[in-house]
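Everything below concerns the one structure shown next.
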Amino acid sequence: MPKKKTAGPTTDTLLVELLTEELPPKALQTLAIRFRDALAAHLDGASLLPRPRVVDPRCLGTPRRIAVLIQGVLEKATDLSEKTAGPLVSAGVEAAKGFAKKWGVAVESLEKIQTSDGAKWLARYTTAGAVLDDILAQKVEEALKVLPIPKLMRWGNGEAQFARPVHGLVMMHGKRVITGSVLGVSAGNATSGHRFMGTASIRLANANDYEAKLRKDGHVIADFAARKSEIDKQLRVEAKRQKATLGAYQDLLDEVTALVEFPAVYAGEFDALFLDVPQECLILSMQQHQRYFPLVDSGGKLMPRFLIVSNMRTASPANIIRGNERVLRARLSDAKFFYEQDCKERLERRVPRLAQVIYHNKLGSQLERVERIQLLAGKIAREIGADPLLTERAAWLSKADLLAEMVGEFPELQGIMGRYYALHDGEPKEVADAIKSHYRPRFAGDVLPDGPIASAVALADKLDTLAGLFGIGQVPTGDKDPFALRRAALGVIRILLETPLELDLFSLLRAAEETFPSGLIGSNPNMLREFVQERLRNYLRDRGENSLYVEAVIGQLGGLIYQAPARLNAVKQFAKLPEAKDLAAANKRVLNIIRKNEEIGYAFKAPDRSLMKEPAEIALMDAVDRLTPLADRHFETGDYESSLRLLAGIKPDVDCFFDKVMVMVDDQVVRNNRAALLQQLGRLMNRVADISKLAV
């Protein structure tokens with residue numbers, strides 16, 4: 001009679017849903033993702049997840065819930081057969097009994113094994129697999145505890161804490177409800193629909209029905225990505241109907257997706273008189289205060305219309321639209337009032353009042369900072385051929401809009417409003433544009449300051465930040481960079497490299513330090529230089545440059561970082577030469593010998609040809625003398641590739657020298673002279689880049 005097949009472990013879809021009051025919209029997606037990852041990791045650690053996974057765990061989230069759906073979760077993990085070695089057999093019967101008792105086996109079942117220490121007892125035992133019903137509530141609690149919630153809330157009379165009060169819990173494995181309690185709430189199979197449009201309580205017959213049941217009976221789109229896609233589609237359709245475009249809206253789209261469960265998009269209007277206010281103010285007011293989507297024409301100009309994402313779908317949305325238009329009118333009226341009030345006072349009259357605005361308690365006021373920026377910007381302008389008077393004017397006015405009402409309401413508009421007010425005051429356009437763009441680049445990928453005047457002010461602003469804060473010991477550590485010094489350093493690098501500007505960065509840093517009153521800041525130029533060089537390394541690597549080539553170039557650049565792209569290209573071409581590998585190895589040897597002589601206190605000077613007796617050292621000296629002027633000429637004209645290519649011609653002389661000449665001889669005069677020759681060779685080989693870095 002054929003044997004019955006043994007049934008495999010029971011698997012099914014697991015649903016865990018936490019029903020809450022409205023969650024913080026900017027945190028919703030992160031909470032859902034972290035909850036999924038943490039719970040899946042806990043279940044995987046208990047061997048309750050399938051391996052390999054056919055379908056990845058999913059996270060779902062709306063303003064009033066976070067949920068996890070995982071397919072193929074085991075009801076019980078497989079029992080494990082394990083073994084462990086115990087005491088020596090020679091330890092006696094009592095030791096064997098204690099060992100057996102510890103592992104829950106009979107003494108008679110112990111086995112003997114031979115080890116390097118002698119015969120030992122071996123126990124074989126079975127570890128029972130975890131049972132989902134027994135551990136799920138605990139694992140959910142543990143997963144919730146690791147979520148990034150800055151401020152926990154407590155509700156009712158219990159001790160439970162979460163981002164928002166929790167009112168419901170669903171834990172189902174297929175058709176089964178898994179009993180248990182999380183945050184003081186007992187699990188069941190009832191979820192909740194849309195607050196106004198859906199069924200208040202929805203019973204689930206199966207975990208797999210969750211999304212479809214919520215959408216049909218609850219009017220809730222539980223999946224964040226699906227809800228976002230639906231909103232995006234409706235926004236595009238309505239914008240097209242309005243013969244408009246949406247401009248930049250993706251960040252707001254994420255936030256709005258976290259505010260609604262069943263979205264509907266409606267169009268509203270506002271009075272065209274408000275368009276007299278700079279459109280950046282109106283757009284920010286709509287997006288930040290009301291989370292509306294402004295509409296712009298094909299040229300990017302704001303239109304007197306906007307889109308509303310409502311949490312209510314209705315065939316007659318007139319009341320919804322009118323209510324939102326009324327609220328927006330009040331907001332735009334505030335913006336118009338702020339703008340008109342600001343325009344009553346010239347920017348230049350605000351500057352002296354910056355003396356009452358603290359920049360940093362150790363670095364003085366914003367006025368003192370403006371004075372430093374003005375001084376440094378003027379110096380930079382003279383070096384790059386920008387108009388120094390206009391540059392100094394722009395620097396003087398660059399922070400005045402910090403005292404404007406509009407910037408007080410919307411700090412993101414600093415610089416932008418300064419430009420509008422400068423133009424209103426009759427300042428030159430170059431000055432106004434520099435006020436706006438001196439904050440650039442604000443983030444990775446942001447556009448650079450436009451024009452030499454703006455570049456000079458932007459550099460001065462960032463250099464003052466770096467010199468001042470490093471000078472008082474506010475150095476970034478690990479992930480902590482409260483003053484965004486990494487961003488400031490990267491901004492300086494990008495302006496110098498991508499504009500490009502032929503300026504010495506190290507000289508600029510010294511000039512920035514010199515603008516501070518004596519004794520106000522300490523000086524550790526090496527630390528600041530190394531910090532900026534590290535940002536340069538990261539910048540070049542992020543652009544896809546080879547790490548070895550980057551190291552070769554950075555060591556020889558000094559502050560002339562604008563030369564980095566051309567030098568990197570030269571190193572790339574040099575590395576393709578058949579002689580490159582051997583020359584890199586020889587250069588490494590040259591640098592080691594020079595280093596050893598430095599360690600014993602030798603002061604290098606020009607080699608003396610009269611002390612050279614070996615033909616190989618004379619030949620190398622001739623080659624160095626012949627090639628150095630040519631290489632220097634190429635270097636001075638910026639032809640770094642040709643300068644490096646010349647090195648291929650010196651390889652035979654270098655090889656012959658190291659084959660036939662001993663440098664570290666007993667005769668100190670001869671040794672020092674040969675070391676001096678190698679120093680000149682090193683200078684020739686390493687002026688463009690430290691090619692020893694290519695020897696791997």
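How things are named: the first chain in the structure tokens is A, the next is B, and so on; residues count from 1 in each chain; ligands count from 1 in the order shown.
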*Residues at most 8 Å from A:Leu684, counting only C-alpha atoms, excluding those fewer than 4 positions away in the same chain, as a PyMOL selection string?*
chain A and resi 624+628+631+680
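For A:Leu611, the list of residues within 12 Å, based on only C-alpha atoms and with local chain neighbours fewer than 2 positions off taken out, reads Ala606, Pro607, Asp608, Arg609, Lys613, Glu614, Pro615, Glu617, Ile618, Met621, Asp667, Gln668, Val669, Val670, Arg671, Asn672, Asn673, Arg674, Ala676 and Leu677 of chain A.
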Would you output that residue set with C-alpha atoms, as an mmCIF file, in the first residue's frame?
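Wrote result-v4.cif, looks like this:
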data_model
loop_
_atom_site.group_PDB
_atom_site.id
_atom_site.type_symbol
_atom_site.label_atom_id
_atom_site.label_comp_id
_atom_site.auth_asym_id
_atom_site.auth_seq_id
_atom_site.Cartn_x
_atom_site.Cartn_y
_atom_site.Cartn_z
ATOM 1 C CA ALA A 606 70.701 70.632 -6.476
ATOM 2 C CA PRO A 607 72.707 67.534 -7.516
ATOM 3 C CA ASP A 608 76.393 68.094 -8.313
ATOM 4 C CA ARG A 609 77.318 66.552 -11.679
ATOM 5 C CA LYS A 613 80.895 58.590 -11.478
ATOM 6 C CA GLU A 614 78.440 55.945 -12.694
ATOM 7 C CA PRO A 615 77.332 56.192 -16.356
ATOM 8 C CA GLU A 617 73.422 58.233 -12.931
ATOM 9 C CA ILE A 618 74.972 60.612 -15.465
ATOM 10 C CA MET A 621 70.816 63.380 -14.891
ATOM 11 C CA ASP A 667 79.776 57.664 1.376
ATOM 12 C CA GLN A 668 77.417 60.350 2.705
ATOM 13 C CA VAL A 669 78.332 62.924 0.040
ATOM 14 C CA VAL A 670 77.662 60.509 -2.818
ATOM 15 C CA ARG A 671 74.470 59.222 -1.155
ATOM 16 C CA ASN A 672 73.128 62.726 -0.666
ATOM 17 C CA ASN A 673 73.975 63.686 -4.246
ATOM 18 C CA ARG A 674 72.150 60.661 -5.648
ATOM 19 C CA ALA A 676 69.179 64.958 -4.715
ATOM 20 C CA LEU A 677 69.080 63.579 -8.263
#
Considering only C-alpha atoms, give me a table of residues in stretch 366-444 of chain A that are at most 7 Å from stretch 460-471 of chain A, with the closest atom pair and distance in Å for each, as a Markdown table.
| residue | atom | partner | partner_atom | distance |
| --- | --- | --- | --- | --- |
| A:Ile373 | CA | A:Ala460 | CA | 5.3 |
| A:Leu376 | CA | A:Ala460 | CA | 5.6 |
| A:Ala377 | CA | A:Ala460 | CA | 5.2 |
Writer output for current selection, N, CA and C atoms, as a short mmCIF file (atom, residue, chain, number, x, y, z; two decimals), in the first residue's frame:
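Resulting contents of selection_6.cif:
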data_model
loop_
_atom_site.label_atom_id
_atom_site.label_comp_id
_atom_site.auth_asym_id
_atom_site.auth_seq_id
_atom_site.Cartn_x
_atom_site.Cartn_y
_atom_site.Cartn_z
N ILE A 373 31.96 89.54 4.50
CA ILE A 373 31.63 89.04 3.16
C ILE A 373 31.90 90.10 2.10
N LEU A 376 35.71 90.30 1.49
CA LEU A 376 36.22 89.14 0.77
C LEU A 376 35.68 89.08 -0.65
N ALA A 377 34.40 89.41 -0.84
CA ALA A 377 33.81 89.39 -2.19
C ALA A 377 34.50 90.39 -3.10
#
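Take the candidates A:Leu80, A:Gly61, A:Ala163, A:Gly168 and check each one against A:Arg227 using only C-alpha atoms; the shortest distance goes to A:Gly61.
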*Residue nearest A:Ala226 - candidates A:Gln563, A:Thr126, A:Thr62, A:Asn569, atoms counted: only C-alpha atoms*: A:Thr62
*asked:* Which of stretch 128-165 of chain A end up as strand (DSSP E) when DSSP is run on this backbone - answer as a list in words?
replied: Met153, Arg154, Gln161 and Phe162 of chain A
With N, CA and C atoms retained, write the just-selected residues as a compact mmCIF listing (two decimals), in the first residue's frame.
# COMPACT_ATOMS: atom_id res chain seq x y z
N MET A 153 3.06 59.83 21.91
CA MET A 153 1.84 60.28 22.59
C MET A 153 1.31 59.15 23.46
N ARG A 154 0.69 59.53 24.56
CA ARG A 154 0.01 58.57 25.43
C ARG A 154 -1.48 58.94 25.44
N GLN A 161 2.31 53.94 24.23
CA GLN A 161 2.74 55.17 23.57
C GLN A 161 3.00 54.89 22.09
N PHE A 162 2.59 55.84 21.24
CA PHE A 162 2.85 55.74 19.80
C PHE A 162 2.79 57.15 19.22
*Rounded to one decimal place, report the atom CA of A:Asp387-atom CA of A:Leu490 distance in Å.*
25.3 Å
